[in-house]
>>> print(open('run07.pdb').read())   # PDB, C-alpha atoms
ATOM      1  CA  MET X  26     -26.722 -61.259  12.379
ATOM      2  CA  VAL X  27     -28.737 -59.354   9.782
ATOM      3  CA  ARG X  28     -28.715 -55.576  10.196
ATOM      4  CA  ARG X  29     -32.080 -53.878  10.390
ATOM      5  CA  TYR X  30     -32.979 -51.892   7.316
ATOM      6  CA  THR X  31     -35.841 -49.706   6.151
ATOM      7  CA  LEU X  32     -36.754 -49.051   2.552
ATOM      8  CA  GLN X  33     -37.859 -45.512   3.434
ATOM      9  CA  PRO X  34     -35.235 -42.743   3.571
ATOM     10  CA  ALA X  35     -33.939 -42.311   7.086
ATOM     11  CA  LYS X  36     -35.076 -39.133   8.813
ATOM     12  CA  ASN X  37     -33.031 -36.866  11.034
ATOM     13  CA  ASP X  38     -35.330 -34.409  12.755
ATOM     14  CA  SER X  39     -32.548 -32.396  14.324
ATOM     15  CA  GLY X  40     -33.117 -29.457  11.992
ATOM     16  CA  GLU X  41     -34.253 -28.110   8.654
ATOM     17  CA  TYR X  42     -31.035 -28.945   6.833
ATOM     18  CA  ALA X  43     -29.909 -32.392   5.724
ATOM     19  CA  LEU X  44     -26.443 -31.147   4.823
ATOM     20  CA  SER X  45     -24.357 -28.334   6.202
ATOM     21  CA  CYS X  46     -20.776 -27.245   5.734
ATOM     22  CA  ARG X  47     -18.933 -24.340   7.268
ATOM     23  CA  GLN X  48     -15.729 -22.735   6.028
ATOM     24  CA  VAL X  49     -14.592 -25.839   4.124
ATOM     25  CA  ARG X  50     -11.146 -25.383   2.605
ATOM     26  CA  LYS X  51      -9.114 -27.690   0.397
ATOM     27  CA  SER X  52      -5.804 -27.185  -1.395
ATOM     28  CA  PHE X  53      -3.761 -29.290  -3.761
ATOM     29  CA  GLY X  54      -0.171 -28.222  -3.364
ATOM     30  CA  SER X  55      -0.073 -24.451  -3.642
ATOM     31  CA  ARG X  56      -3.480 -24.287  -5.386
ATOM     32  CA  GLN X  57      -6.388 -23.525  -3.092
ATOM     33  CA  VAL X  58      -9.550 -24.968  -4.656
ATOM     34  CA  LEU X  59     -12.089 -24.512  -1.864
ATOM     35  CA  LYS X  60     -11.592 -21.215  -0.070
ATOM     36  CA  GLY X  61     -14.146 -21.358   2.707
ATOM     37  CA  VAL X  62     -17.342 -22.961   1.408
ATOM     38  CA  ASP X  63     -20.509 -22.329   3.419
ATOM     39  CA  LEU X  64     -23.495 -24.363   2.287
ATOM     40  CA  GLU X  65     -26.805 -25.543   3.738
ATOM     41  CA  VAL X  66     -29.158 -27.868   1.865
ATOM     42  CA  ARG X  67     -32.784 -28.160   2.913
ATOM     43  CA  ARG X  68     -34.006 -31.653   3.714
ATOM     44  CA  GLY X  69     -35.985 -33.121   0.825
ATOM     45  CA  SER X  70     -34.813 -30.505  -1.682
ATOM     46  CA  ILE X  71     -32.960 -30.849  -4.958
ATOM     47  CA  LEU X  72     -29.885 -28.632  -5.078
ATOM     48  CA  GLY X  73     -28.261 -27.850  -8.412
ATOM     49  CA  LEU X  74     -24.564 -27.212  -7.802
ATOM     50  CA  LEU X  75     -23.191 -24.975 -10.559
ATOM     51  CA  GLY X  76     -19.772 -23.574 -11.371
ATOM     52  CA  ARG X  77     -17.229 -22.932 -14.081
ATOM     53  CA  ASN X  78     -14.517 -25.335 -15.136
ATOM     54  CA  GLY X  79     -12.154 -25.793 -12.224
ATOM     55  CA  ALA X  80     -14.496 -24.098  -9.750
ATOM     56  CA  GLY X  81     -14.169 -27.056  -7.391
ATOM     57  CA  LYS X  82     -17.525 -28.843  -7.697
ATOM     58  CA  SER X  83     -15.977 -32.279  -7.849
ATOM     59  CA  THR X  84     -13.643 -31.419  -4.971
ATOM     60  CA  LEU X  85     -16.594 -30.239  -2.892
ATOM     61  CA  ILE X  86     -18.628 -33.378  -3.636
ATOM     62  CA  SER X  87     -15.642 -35.522  -2.657
ATOM     63  CA  ALA X  88     -15.409 -33.637   0.621
ATOM     64  CA  LEU X  89     -19.139 -33.971   1.328
ATOM     65  CA  THR X  90     -19.203 -37.714   0.591
ATOM     66  CA  GLY X  91     -16.199 -38.654   2.702
ATOM     67  CA  LEU X  92     -13.861 -39.283  -0.224
ATOM     68  CA  GLY X  93     -11.557 -36.289   0.184
ATOM     69  CA  GLU X  94     -11.111 -34.844   3.650
ATOM     70  CA  PRO X  95     -10.839 -31.044   3.574
ATOM     71  CA  ASP X  96      -7.910 -29.218   5.133
ATOM     72  CA  SER X  97     -10.255 -27.415   7.502
ATOM     73  CA  GLY X  98     -13.910 -26.699   8.082
ATOM     74  CA  HIS X  99     -16.918 -28.598   9.387
ATOM     75  CA  ILE X 100     -19.289 -30.919   7.488
ATOM     76  CA  THR X 101     -22.422 -32.709   8.663
ATOM     77  CA  VAL X 102     -24.667 -34.919   6.553
ATOM     78  CA  GLU X 103     -27.858 -35.948   8.367
ATOM     79  CA  GLY X 104     -26.050 -35.316  11.624
ATOM     80  CA  HIS X 105     -22.967 -37.339  10.653
ATOM     81  CA  ASN X 106     -19.420 -36.092  10.174
ATOM     82  CA  PRO X 107     -18.181 -38.022   7.094
ATOM     83  CA  TYR X 108     -14.710 -38.362   8.592
ATOM     84  CA  ARG X 109     -15.724 -39.342  12.143
ATOM     85  CA  THR X 110     -18.518 -41.771  11.302
ATOM     86  CA  PRO X 111     -17.658 -45.413  10.489
ATOM     87  CA  SER X 112     -17.829 -45.906   6.718
ATOM     88  CA  ARG X 113     -20.351 -48.754   6.980
ATOM     89  CA  ILE X 114     -22.758 -46.363   8.736
ATOM     90  CA  PHE X 115     -22.067 -43.282   6.633
ATOM     91  CA  GLY X 116     -22.416 -45.402   3.485
ATOM     92  CA  GLN X 117     -26.068 -45.977   4.399
ATOM     93  CA  VAL X 118     -26.632 -42.241   4.847
ATOM     94  CA  ILE X 119     -25.534 -41.259   1.322
ATOM     95  CA  GLY X 120     -25.741 -42.554  -2.216
ATOM     96  CA  LEU X 121     -23.247 -41.433  -4.854
ATOM     97  CA  ALA X 122     -23.406 -41.767  -8.628
ATOM     98  CA  PRO X 123     -20.239 -40.162 -10.014
ATOM     99  CA  GLN X 124     -20.019 -39.235 -13.666
ATOM    100  CA  ASP X 125     -17.807 -42.239 -14.440
ATOM    101  CA  LEU X 126     -19.879 -45.415 -14.634
ATOM    102  CA  GLY X 127     -19.537 -47.790 -11.692
ATOM    103  CA  ILE X 128     -21.260 -50.937 -12.910
ATOM    104  CA  TYR X 129     -20.056 -54.534 -13.069
ATOM    105  CA  PRO X 130     -19.908 -55.281 -16.798
ATOM    106  CA  HIS X 131     -20.173 -59.074 -16.644
ATOM    107  CA  LEU X 132     -23.115 -59.139 -14.233
ATOM    108  CA  SER X 133     -26.714 -58.812 -15.325
ATOM    109  CA  VAL X 134     -28.769 -55.709 -14.560
ATOM    110  CA  ARG X 135     -30.598 -57.525 -11.764
ATOM    111  CA  ASP X 136     -27.404 -58.950 -10.266
ATOM    112  CA  ASN X 137     -25.733 -55.523 -10.327
ATOM    113  CA  LEU X 138     -28.606 -54.132  -8.279
ATOM    114  CA  ARG X 139     -28.940 -57.117  -5.962
ATOM    115  CA  GLY X 140     -25.209 -57.150  -5.351
ATOM    116  CA  MET X 141     -25.113 -53.461  -4.481
ATOM    117  CA  ALA X 142     -28.143 -53.856  -2.227
ATOM    118  CA  GLY X 143     -26.406 -56.681  -0.388
ATOM    119  CA  LEU X 144     -23.323 -54.540   0.116
ATOM    120  CA  GLN X 145     -25.570 -51.930   1.692
ATOM    121  CA  GLY X 146     -26.904 -54.422   4.246
ATOM    122  CA  LEU X 147     -30.193 -55.513   2.704
ATOM    123  CA  SER X 148     -31.235 -59.118   3.143
ATOM    124  CA  THR X 149     -31.451 -61.412   0.129
ATOM    125  CA  LYS X 150     -35.234 -60.976   0.025
ATOM    126  CA  GLN X 151     -35.021 -57.192   0.372
ATOM    127  CA  SER X 152     -32.283 -57.021  -2.277
ATOM    128  CA  SER X 153     -34.377 -58.871  -4.828
ATOM    129  CA  LYS X 154     -37.455 -56.769  -4.079
ATOM    130  CA  ARG X 155     -35.571 -53.486  -4.337
ATOM    131  CA  ALA X 156     -33.810 -54.577  -7.527
ATOM    132  CA  ASP X 157     -37.146 -55.393  -9.160
ATOM    133  CA  GLU X 158     -38.589 -52.028  -8.062
ATOM    134  CA  LEU X 159     -35.733 -50.098  -9.619
ATOM    135  CA  ILE X 160     -35.721 -52.187 -12.783
ATOM    136  CA  GLU X 161     -39.365 -51.279 -13.322
ATOM    137  CA  LEU X 162     -38.918 -47.620 -12.421
ATOM    138  CA  MET X 163     -35.929 -47.243 -14.734
ATOM    139  CA  GLY X 164     -37.623 -49.068 -17.602
ATOM    140  CA  LEU X 165     -35.063 -51.885 -17.711
ATOM    141  CA  GLY X 166     -37.477 -54.805 -17.486
ATOM    142  CA  SER X 167     -36.540 -56.204 -20.897
ATOM    143  CA  GLN X 168     -32.845 -55.997 -19.990
ATOM    144  CA  SER X 169     -33.019 -57.378 -16.424
ATOM    145  CA  GLY X 170     -31.089 -60.505 -17.371
ATOM    146  CA  THR X 171     -28.733 -58.762 -19.810
ATOM    147  CA  ALA X 172     -25.070 -58.319 -18.941
ATOM    148  CA  ALA X 173     -24.320 -54.666 -18.184
ATOM    149  CA  GLU X 174     -21.613 -54.561 -20.858
ATOM    150  CA  ASP X 175     -24.252 -55.304 -23.518
ATOM    151  CA  LEU X 176     -26.529 -52.403 -22.604
ATOM    152  CA  SER X 177     -26.789 -49.196 -24.605
ATOM    153  CA  GLY X 178     -25.172 -46.059 -23.246
ATOM    154  CA  GLY X 179     -28.472 -44.724 -21.935
ATOM    155  CA  GLN X 180     -29.349 -48.032 -20.293
ATOM    156  CA  LYS X 181     -25.949 -48.164 -18.570
ATOM    157  CA  ARG X 182     -26.507 -44.660 -17.246
ATOM    158  CA  ARG X 183     -29.911 -45.656 -15.853
ATOM    159  CA  LEU X 184     -28.421 -48.734 -14.165
ATOM    160  CA  HIS X 185     -25.532 -46.718 -12.732
ATOM    161  CA  THR X 186     -27.943 -44.177 -11.238
ATOM    162  CA  ALA X 187     -30.243 -46.879  -9.862
ATOM    163  CA  MET X 188     -27.311 -48.504  -8.055
ATOM    164  CA  ALA X 189     -26.725 -45.299  -6.103
ATOM    165  CA  MET X 190     -30.391 -45.323  -5.054
ATOM    166  CA  VAL X 191     -30.693 -48.991  -4.172
ATOM    167  CA  HIS X 192     -30.614 -48.501  -0.380
ATOM    168  CA  ASN X 193     -32.885 -45.430  -0.406
ATOM    169  CA  PRO X 194     -30.293 -43.153   1.169
ATOM    170  CA  PRO X 195     -31.556 -39.975   2.836
ATOM    171  CA  VAL X 196     -28.986 -37.946   0.866
ATOM    172  CA  LEU X 197     -28.130 -38.649  -2.773
ATOM    173  CA  PHE X 198     -25.302 -37.151  -4.839
ATOM    174  CA  LEU X 199     -25.730 -37.311  -8.624
ATOM    175  CA  ASP X 200     -22.792 -35.988 -10.655
ATOM    176  CA  GLU X 201     -24.030 -35.315 -14.204
ATOM    177  CA  PRO X 202     -26.360 -38.341 -14.167
ATOM    178  CA  THR X 203     -27.739 -37.705 -17.662
ATOM    179  CA  VAL X 204     -24.468 -37.085 -19.516
ATOM    180  CA  GLY X 205     -24.513 -39.167 -22.684
ATOM    181  CA  ALA X 206     -28.029 -40.417 -21.913
ATOM    182  CA  ASP X 207     -30.692 -40.669 -24.585
ATOM    183  CA  VAL X 208     -34.074 -38.947 -24.309
ATOM    184  CA  GLU X 209     -35.765 -41.904 -22.613
ATOM    185  CA  ALA X 210     -32.948 -42.409 -20.111
ATOM    186  CA  ARG X 211     -32.910 -38.713 -19.236
ATOM    187  CA  ALA X 212     -36.673 -38.646 -18.678
ATOM    188  CA  ARG X 213     -36.540 -41.775 -16.504
ATOM    189  CA  ILE X 214     -33.725 -40.391 -14.367
ATOM    190  CA  LEU X 215     -35.377 -36.994 -13.902
ATOM    191  CA  ASN X 216     -38.695 -38.591 -12.963
ATOM    192  CA  MET X 217     -36.930 -40.804 -10.427
ATOM    193  CA  VAL X 218     -35.092 -37.825  -8.927
ATOM    194  CA  LYS X 219     -38.318 -35.842  -8.575
ATOM    195  CA  ALA X 220     -40.107 -38.824  -7.021
ATOM    196  CA  MET X 221     -37.332 -39.370  -4.475
ATOM    197  CA  SER X 222     -37.362 -35.697  -3.552
ATOM    198  CA  ARG X 223     -41.118 -35.846  -2.952
ATOM    199  CA  GLN X 224     -40.519 -38.802  -0.629
ATOM    200  CA  GLY X 225     -38.027 -36.797   1.426
ATOM    201  CA  THR X 226     -34.665 -37.628  -0.110
ATOM    202  CA  THR X 227     -32.209 -34.738  -0.332
ATOM    203  CA  ILE X 228     -30.438 -34.610  -3.702
ATOM    204  CA  ILE X 229     -27.292 -32.754  -4.718
ATOM    205  CA  TYR X 230     -27.263 -32.654  -8.511
ATOM    206  CA  THR X 231     -24.668 -31.412 -10.983
ATOM    207  CA  THR X 232     -25.384 -31.104 -14.679
ATOM    208  CA  HIS X 233     -24.456 -29.097 -17.760
ATOM    209  CA  TYR X 234     -28.088 -29.315 -18.921
ATOM    210  CA  LEU X 235     -29.437 -26.326 -17.016
ATOM    211  CA  LYS X 236     -32.982 -26.910 -18.242
ATOM    212  CA  GLU X 237     -33.050 -30.101 -16.147
ATOM    213  CA  LEU X 238     -32.724 -28.024 -12.982
ATOM    214  CA  GLU X 239     -35.472 -25.704 -14.215
ATOM    215  CA  GLU X 240     -37.732 -28.671 -14.940
ATOM    216  CA  MET X 241     -37.163 -30.109 -11.458
ATOM    217  CA  GLY X 242     -37.606 -26.768  -9.705
ATOM    218  CA  ALA X 243     -34.239 -27.212  -8.033
ATOM    219  CA  ASP X 244     -32.624 -24.838  -5.600
ATOM    220  CA  LEU X 245     -29.370 -23.432  -6.987
ATOM    221  CA  ALA X 246     -25.913 -22.826  -5.553
ATOM    222  CA  PHE X 247     -23.133 -21.188  -7.578
ATOM    223  CA  LEU X 248     -19.566 -22.118  -6.666
ATOM    224  CA  ILE X 249     -17.360 -19.235  -7.808
ATOM    225  CA  ASP X 250     -13.698 -18.777  -6.976
ATOM    226  CA  GLY X 251     -13.789 -21.457  -4.299
ATOM    227  CA  ARG X 252     -16.860 -20.143  -2.450
ATOM    228  CA  ILE X 253     -20.648 -20.333  -2.718
ATOM    229  CA  GLN X 254     -21.352 -16.834  -3.982
ATOM    230  CA  VAL X 255     -25.060 -17.159  -4.837
ATOM    231  CA  GLN X 256     -27.627 -19.562  -3.379
ATOM    232  CA  GLY X 257     -31.402 -19.578  -3.435
ATOM    233  CA  SER X 258     -34.541 -21.170  -4.780
ATOM    234  CA  LEU X 259     -35.016 -21.326  -8.539
ATOM    235  CA  GLN X 260     -37.576 -18.532  -8.421
ATOM    236  CA  GLU X 261     -35.355 -16.338  -6.270
ATOM    237  CA  VAL X 262     -32.419 -16.738  -8.646
ATOM    238  CA  LEU X 263     -34.562 -16.169 -11.736
ATOM    239  CA  HIS X 264     -36.164 -13.068 -10.225
ATOM    240  CA  LYS X 265     -32.842 -11.528  -9.310
ATOM    241  CA  TYR X 266     -30.572 -12.583 -12.177
ATOM    242  CA  ALA X 267     -32.513 -13.772 -15.245
ATOM    243  CA  ARG X 268     -32.550 -11.319 -18.162
ATOM    244  CA  ALA X 269     -34.315 -11.171 -21.496
ATOM    245  CA  SER X 270     -32.157 -11.006 -24.617
ATOM    246  CA  LEU X 271     -32.335 -10.727 -28.398
ATOM    247  CA  ARG X 272     -31.221 -12.979 -31.236
ATOM    248  CA  ILE X 273     -31.112 -11.579 -34.763
ATOM    249  CA  SER X 274     -30.373 -13.432 -37.966
ATOM    250  CA  PHE X 275     -29.698 -12.028 -41.416
ATOM    251  CA  VAL X 276     -30.246 -12.837 -45.049
ATOM    252  CA  GLY X 277     -26.901 -13.049 -46.797
ATOM    253  CA  GLN X 278     -23.936 -11.149 -45.407
ATOM    254  CA  THR X 279     -23.961 -10.202 -41.742
ATOM    255  CA  PRO X 280     -23.195  -6.606 -40.772
ATOM    256  CA  GLY X 281     -19.824  -5.454 -39.556
ATOM    257  CA  GLN X 282     -18.939  -4.966 -35.924
ATOM    258  CA  VAL X 283     -21.690  -3.343 -33.856
ATOM    259  CA  PRO X 284     -20.762  -1.763 -30.502
ATOM    260  CA  GLY X 285     -22.329  -3.740 -27.651
ATOM    261  CA  TRP X 286     -23.220  -6.686 -29.891
ATOM    262  CA  GLN X 287     -21.492  -9.881 -31.000
ATOM    263  CA  MET X 288     -21.989 -12.787 -33.379
ATOM    264  CA  ALA X 289     -22.756 -16.134 -31.722
ATOM    265  CA  GLU X 290     -23.610 -19.276 -33.691
ATOM    266  CA  GLY X 291     -24.756 -17.210 -36.647
ATOM    267  CA  PHE X 292     -26.889 -14.829 -34.596
ATOM    268  CA  LEU X 293     -26.249 -11.256 -33.520
ATOM    269  CA  GLU X 294     -26.686 -10.979 -29.735
ATOM    270  CA  PRO X 295     -26.092  -8.307 -27.077
ATOM    271  CA  ASP X 296     -22.852  -8.769 -25.149
ATOM    272  CA  HIS X 297     -24.455  -7.351 -21.989
ATOM    273  CA  ALA X 298     -27.565  -7.747 -19.843
ATOM    274  CA  VAL X 299     -30.675  -6.341 -21.521
ATOM    275  CA  SER X 300     -33.299  -4.543 -19.446
ATOM    276  CA  SER X 301     -35.614  -3.677 -22.353
ATOM    277  CA  PRO X 302     -35.323  -5.796 -25.547
ATOM    278  CA  GLU X 303     -37.519  -3.351 -27.464
ATOM    279  CA  GLN X 304     -35.360  -0.326 -26.634
ATOM    280  CA  GLU X 305     -32.202  -2.307 -27.322
ATOM    281  CA  LEU X 306     -33.515  -3.274 -30.761
ATOM    282  CA  ALA X 307     -34.447   0.337 -31.557
ATOM    283  CA  ARG X 308     -30.913   1.481 -30.697
ATOM    284  CA  LEU X 309     -29.408  -1.303 -32.804
ATOM    285  CA  LEU X 310     -31.407  -0.355 -35.884
ATOM    286  CA  GLN X 311     -29.991   3.184 -35.678
ATOM    287  CA  GLU X 312     -26.413   1.906 -36.057
ATOM    288  CA  PRO X 313     -24.890   2.879 -39.447
ATOM    289  CA  VAL X 314     -23.733  -0.685 -40.196
ATOM    290  CA  MET X 315     -27.347  -1.874 -39.961
ATOM    291  CA  LYS X 316     -28.574   0.336 -42.813
ATOM    292  CA  GLU X 317     -27.665  -2.182 -45.500
ATOM    293  CA  ALA X 318     -28.371  -5.308 -43.447
ATOM    294  CA  ARG X 319     -31.254  -7.575 -44.447
ATOM    295  CA  LEU X 320     -32.966  -8.982 -41.357
ATOM    296  CA  ALA X 321     -34.212 -12.553 -41.501
ATOM    297  CA  SER X 322     -35.579 -12.903 -37.972
ATOM    298  CA  ILE X 323     -35.737 -11.115 -34.638
ATOM    299  CA  THR X 324     -36.324 -13.255 -31.521
ATOM    300  CA  ILE X 325     -36.832 -12.000 -27.991
ATOM    301  CA  VAL X 326     -35.345 -14.619 -25.675
ATOM    302  CA  GLN X 327     -37.353 -14.733 -22.460
ATOM    303  CA  PRO X 328     -35.589 -14.807 -19.068
ATOM    304  CA  ASP X 329     -34.655 -18.348 -18.052
ATOM    305  CA  ILE X 330     -32.134 -20.298 -16.037
ATOM    306  CA  GLU X 331     -29.469 -20.001 -18.720
ATOM    307  CA  SER X 332     -29.673 -16.220 -18.753
ATOM    308  CA  ALA X 333     -29.535 -16.220 -14.950
ATOM    309  CA  TYR X 334     -26.428 -18.386 -15.116
ATOM    310  CA  MET X 335     -24.788 -15.998 -17.562
ATOM    311  CA  THR X 336     -25.627 -13.010 -15.386
ATOM    312  CA  VAL X 337     -24.266 -14.630 -12.227
ATOM    313  CA  MET X 338     -21.106 -15.730 -13.971
ATOM    314  CA  GLY X 339     -20.703 -12.448 -15.820
ATOM    315  CA  THR X 340     -20.414 -14.170 -19.188
ATOM    316  CA  SER X 341     -22.251 -13.980 -22.490
ATOM    317  CA  SER X 342     -23.871 -16.908 -24.235
ATOM    318  CA  SER X 343     -21.229 -16.860 -26.949
ATOM    319  CA  ASP X 344     -18.330 -17.257 -24.509
ATOM    320  CA  PRO X 345     -17.206 -20.899 -24.743
ATOM    321  CA  ALA X 346     -15.868 -20.798 -21.221
ATOM    322  CA  GLY X 347     -19.172 -19.451 -20.003
ATOM    323  CA  SER X 348     -21.660 -21.372 -22.079
ATOM    324  CA  ARG X 349     -20.106 -24.665 -21.062
ATOM    325  CA  ALA X 350     -18.982 -23.452 -17.673
ATOM    326  CA  TRP X 351     -21.015 -25.922 -15.694
ATOM    327  CA  GLU X 352     -18.905 -28.785 -17.100
ATOM    328  CA  ASP X 353     -16.474 -28.655 -14.202
ATOM    329  CA  ARG X 354     -14.263 -31.702 -13.907
TER     330      ARG X 354
END
>>> encode(input="run07.pdb", output="structure tokens")
Amino acid sequence: MVRRYTLQPAKNDSGEYALSCRQVRKSFGSRQVLKGVDLEVRRGSILGLLGRNGAGKSTLISALTGLGEPDSGHITVEGHNPYRTPSRIFGQVIGLAPQDLGIYPHLSVRDNLRGMAGLQGLSTKQSSKRADELIELMGLGSQSGTAAEDLSGGQKRRLHTAMAMVHNPPVLFLDEPTVGADVEARARILNMVKAMSRQGTTIIYTTHYLKELEEMGADLAFLIDGRIQVQGSLQEVLHKYARASLRISFVGQTPGQVPGWQMAEGFLEPDHAVSSPEQELARLLQEPVMKEARLASITIVQPDIESAYMTVMGTSSSDPAGSRAWEDR
């Protein structure tokens, strides 16, 4: 008996939120990773999940997708409890593309997609149709008959992401989907994500390319010390936390240590949030060590998602732990 299937994302009209978790806790031995996570994700939205190394993003995604049951707390995804719903049913509710590639190397692009579609309950005819749709959307037409192992890195990433989307799940988890991808692959993936969101799919997205979230207009949630400490729309987060800054370069020797400033990648930058770049620059130029300095350039860095991230995390752009903090594995 063939299961019924629709190519449109399933809808659950029970409320505004496609995903909700309450007081989710998870420990590994004596180490408590999730310390009471509360999170709600609006249906049809893109949520950028951000956090420092070891913040627990991967642990949280595992809990939300049914791969790592929490010690306590409550999770619902489109009305389903991941740990009380049969896996064959919950598997049609979500799609998951982890960072590690999950493709079959000896199968062709088309057979990878058709095979995954079949596993998700699509008929042979539906599987072929959906595979062809995704091949076109991901720009893999010339490689449709190519074995996955012979694809470029960017092409493999596109195929891997498409396999998570093959059954048009109402909720999609993408864990750093553009890592290692070339420019074309990244653009294709982002366009697909935006298109699916417009069609009603809810997407939980992790990345260390913060500009991707800005481009997609994603909502943001910051996982800090095992809890969601800040959550809001992109505009809300930018309005509250984004700060302007300054970057100054020099001709020849850089000046000595300046209180409140630091060298980062060859530029002198403030080590604190800046409310007025112009006033900050005027104060800097009065410092004794600046008298002999030869300025090459002065750039006012406008408020953006990266400055908001730094403000939320309480780090400066030159802090390696902060500037790469969203690479949480």
>>> atom_distance(input="run07.pdb", atom1="atom CA of Leu248 of chain X", atom2="atom CA of Gly76 of chain X")
4.9 Å
>>> resolve_selection(input="run07.pdb", expression="the PyMOL selection byres ((chain X and resi 109-117) around 9)", output="NGL selection string")
:X and (90-91 or 102 or 105-108 or 118-120 or 145-146 or 192-195)
>>> write_last_selection(input="run07.pdb", atoms="C-alpha atoms", output="short mmCIF file (atom, residue, chain, number, x, y, z; two decimals), keeping the file's coordinate frame")
data_model
loop_
_atom_site.label_atom_id
_atom_site.label_comp_id
_atom_site.auth_asym_id
_atom_site.auth_seq_id
_atom_site.Cartn_x
_atom_site.Cartn_y
_atom_site.Cartn_z
CA THR X 90 -19.20 -37.71 0.59
CA GLY X 91 -16.20 -38.65 2.70
CA VAL X 102 -24.67 -34.92 6.55
CA HIS X 105 -22.97 -37.34 10.65
CA ASN X 106 -19.42 -36.09 10.17
CA PRO X 107 -18.18 -38.02 7.09
CA TYR X 108 -14.71 -38.36 8.59
CA VAL X 118 -26.63 -42.24 4.85
CA ILE X 119 -25.53 -41.26 1.32
CA GLY X 120 -25.74 -42.55 -2.22
CA GLN X 145 -25.57 -51.93 1.69
CA GLY X 146 -26.90 -54.42 4.25
CA HIS X 192 -30.61 -48.50 -0.38
CA ASN X 193 -32.88 -45.43 -0.41
CA PRO X 194 -30.29 -43.15 1.17
CA PRO X 195 -31.56 -39.98 2.84
#
>>> residues_around(input="run07.pdb", residues="Gly40 of chain X", least_positions_apart="5", cutoff="10 Å", atoms="only C-alpha atoms", output="list in words")
Arg67, Arg68, Glu103 and Gly104 of chain X
>>> write_last_selection(input="run07.pdb", atoms="C-alpha atoms", output="PDB file, in the coordinates of the input")
ATOM      1  CA  ARG X  67     -32.784 -28.160   2.913  1.00  0.00           C
ATOM      2  CA  ARG X  68     -34.006 -31.653   3.714  1.00  0.00           C
ATOM      3  CA  GLU X 103     -27.858 -35.948   8.367  1.00  0.00           C
ATOM      4  CA  GLY X 104     -26.050 -35.316  11.624  1.00  0.00           C
TER       5      GLY X 104
END
>>> closest_residue(input="run07.pdb", among="X:Asp157, X:Ala187, X:Ala172, X:Glu94", to="Tyr129 of chain X", atoms="all atoms listed in the file")
X:Ala172
>>> residues_around(input="run07.pdb", residues="Arg268 of chain X", least_positions_apart="4", cutoff="8 Å", atoms="only C-alpha atoms", output="ChimeraX atom specification")
/X:298-300,327-329,332-333,336
>>> resolve_selection(input="run07.pdb", expression="the PyMOL selection byres ((chain X and resi 179) around 8)", output="PDB file with C-alpha atoms, in the frame of the given file")
ATOM      1  CA  LEU X 176     -26.529 -52.403 -22.604  1.00  0.00           C
ATOM      2  CA  SER X 177     -26.789 -49.196 -24.605  1.00  0.00           C
ATOM      3  CA  GLY X 178     -25.172 -46.059 -23.246  1.00  0.00           C
ATOM      4  CA  GLN X 180     -29.349 -48.032 -20.293  1.00  0.00           C
ATOM      5  CA  LYS X 181     -25.949 -48.164 -18.570  1.00  0.00           C
ATOM      6  CA  ARG X 182     -26.507 -44.660 -17.246  1.00  0.00           C
ATOM      7  CA  ARG X 183     -29.911 -45.656 -15.853  1.00  0.00           C
ATOM      8  CA  GLY X 205     -24.513 -39.167 -22.684  1.00  0.00           C
ATOM      9  CA  ALA X 206     -28.029 -40.417 -21.913  1.00  0.00           C
ATOM     10  CA  ASP X 207     -30.692 -40.669 -24.585  1.00  0.00           C
ATOM     11  CA  GLU X 209     -35.765 -41.904 -22.613  1.00  0.00           C
ATOM     12  CA  ALA X 210     -32.948 -42.409 -20.111  1.00  0.00           C
ATOM     13  CA  ARG X 211     -32.910 -38.713 -19.236  1.00  0.00           C
TER      14      ARG X 211
END
>>> closest_residue(input="run07.pdb", among="X:Asn78, X:Ser270, X:Ser301, X:Gln124", to="Glu331 of chain X", atoms="all atoms listed in the file")
X:Ser270
>>> resolve_selection(input="run07.pdb", expression="the PyMOL selection byres ((chain X and resi 45) around 7)", output="list in words")
Tyr42, Ala43, Leu44, Cys46, Arg47, Leu64, Glu65, Val66, Ile100, Thr101 and Val102 of chain X
>>> write_last_selection(input="run07.pdb", atoms="C-alpha atoms", output="PDB file, in the coordinates of the input")
ATOM      1  CA  TYR X  42     -31.035 -28.945   6.833  1.00  0.00           C
ATOM      2  CA  ALA X  43     -29.909 -32.392   5.724  1.00  0.00           C
ATOM      3  CA  LEU X  44     -26.443 -31.147   4.823  1.00  0.00           C
ATOM      4  CA  CYS X  46     -20.776 -27.245   5.734  1.00  0.00           C
ATOM      5  CA  ARG X  47     -18.933 -24.340   7.268  1.00  0.00           C
ATOM      6  CA  LEU X  64     -23.495 -24.363   2.287  1.00  0.00           C
ATOM      7  CA  GLU X  65     -26.805 -25.543   3.738  1.00  0.00           C
ATOM      8  CA  VAL X  66     -29.158 -27.868   1.865  1.00  0.00           C
ATOM      9  CA  ILE X 100     -19.289 -30.919   7.488  1.00  0.00           C
ATOM     10  CA  THR X 101     -22.422 -32.709   8.663  1.00  0.00           C
ATOM     11  CA  VAL X 102     -24.667 -34.919   6.553  1.00  0.00           C
TER      12      VAL X 102
END
>>> closest_residue(input="run07.pdb", among="X:Pro295, X:Leu306, X:Asp63, X:Val204", to="His233 of chain X", atoms="all atoms listed in the file")
X:Val204
>>> axis_aligned_box(input="run07.pdb", around="segment 205-219 of chain X", padding_each_side="5 Å", output="JSON")
{"center_x": -31.6, "center_y": -39.1, "center_z": -16.6, "size_x": 24.2, "size_y": 16.6, "size_z": 26.0}
>>> atom_distance(input="run07.pdb", atom1="atom CA of Gly79 of chain X", atom2="atom CA of Met338 of chain X")
13.6 Å
>>> residues_around(input="run07.pdb", residues="Trp286 of chain X", least_positions_apart="2", cutoff="9 Å", atoms="all atoms listed in the file", output="PyMOL selection string")
chain X and resi 282-284+288+293-297+309
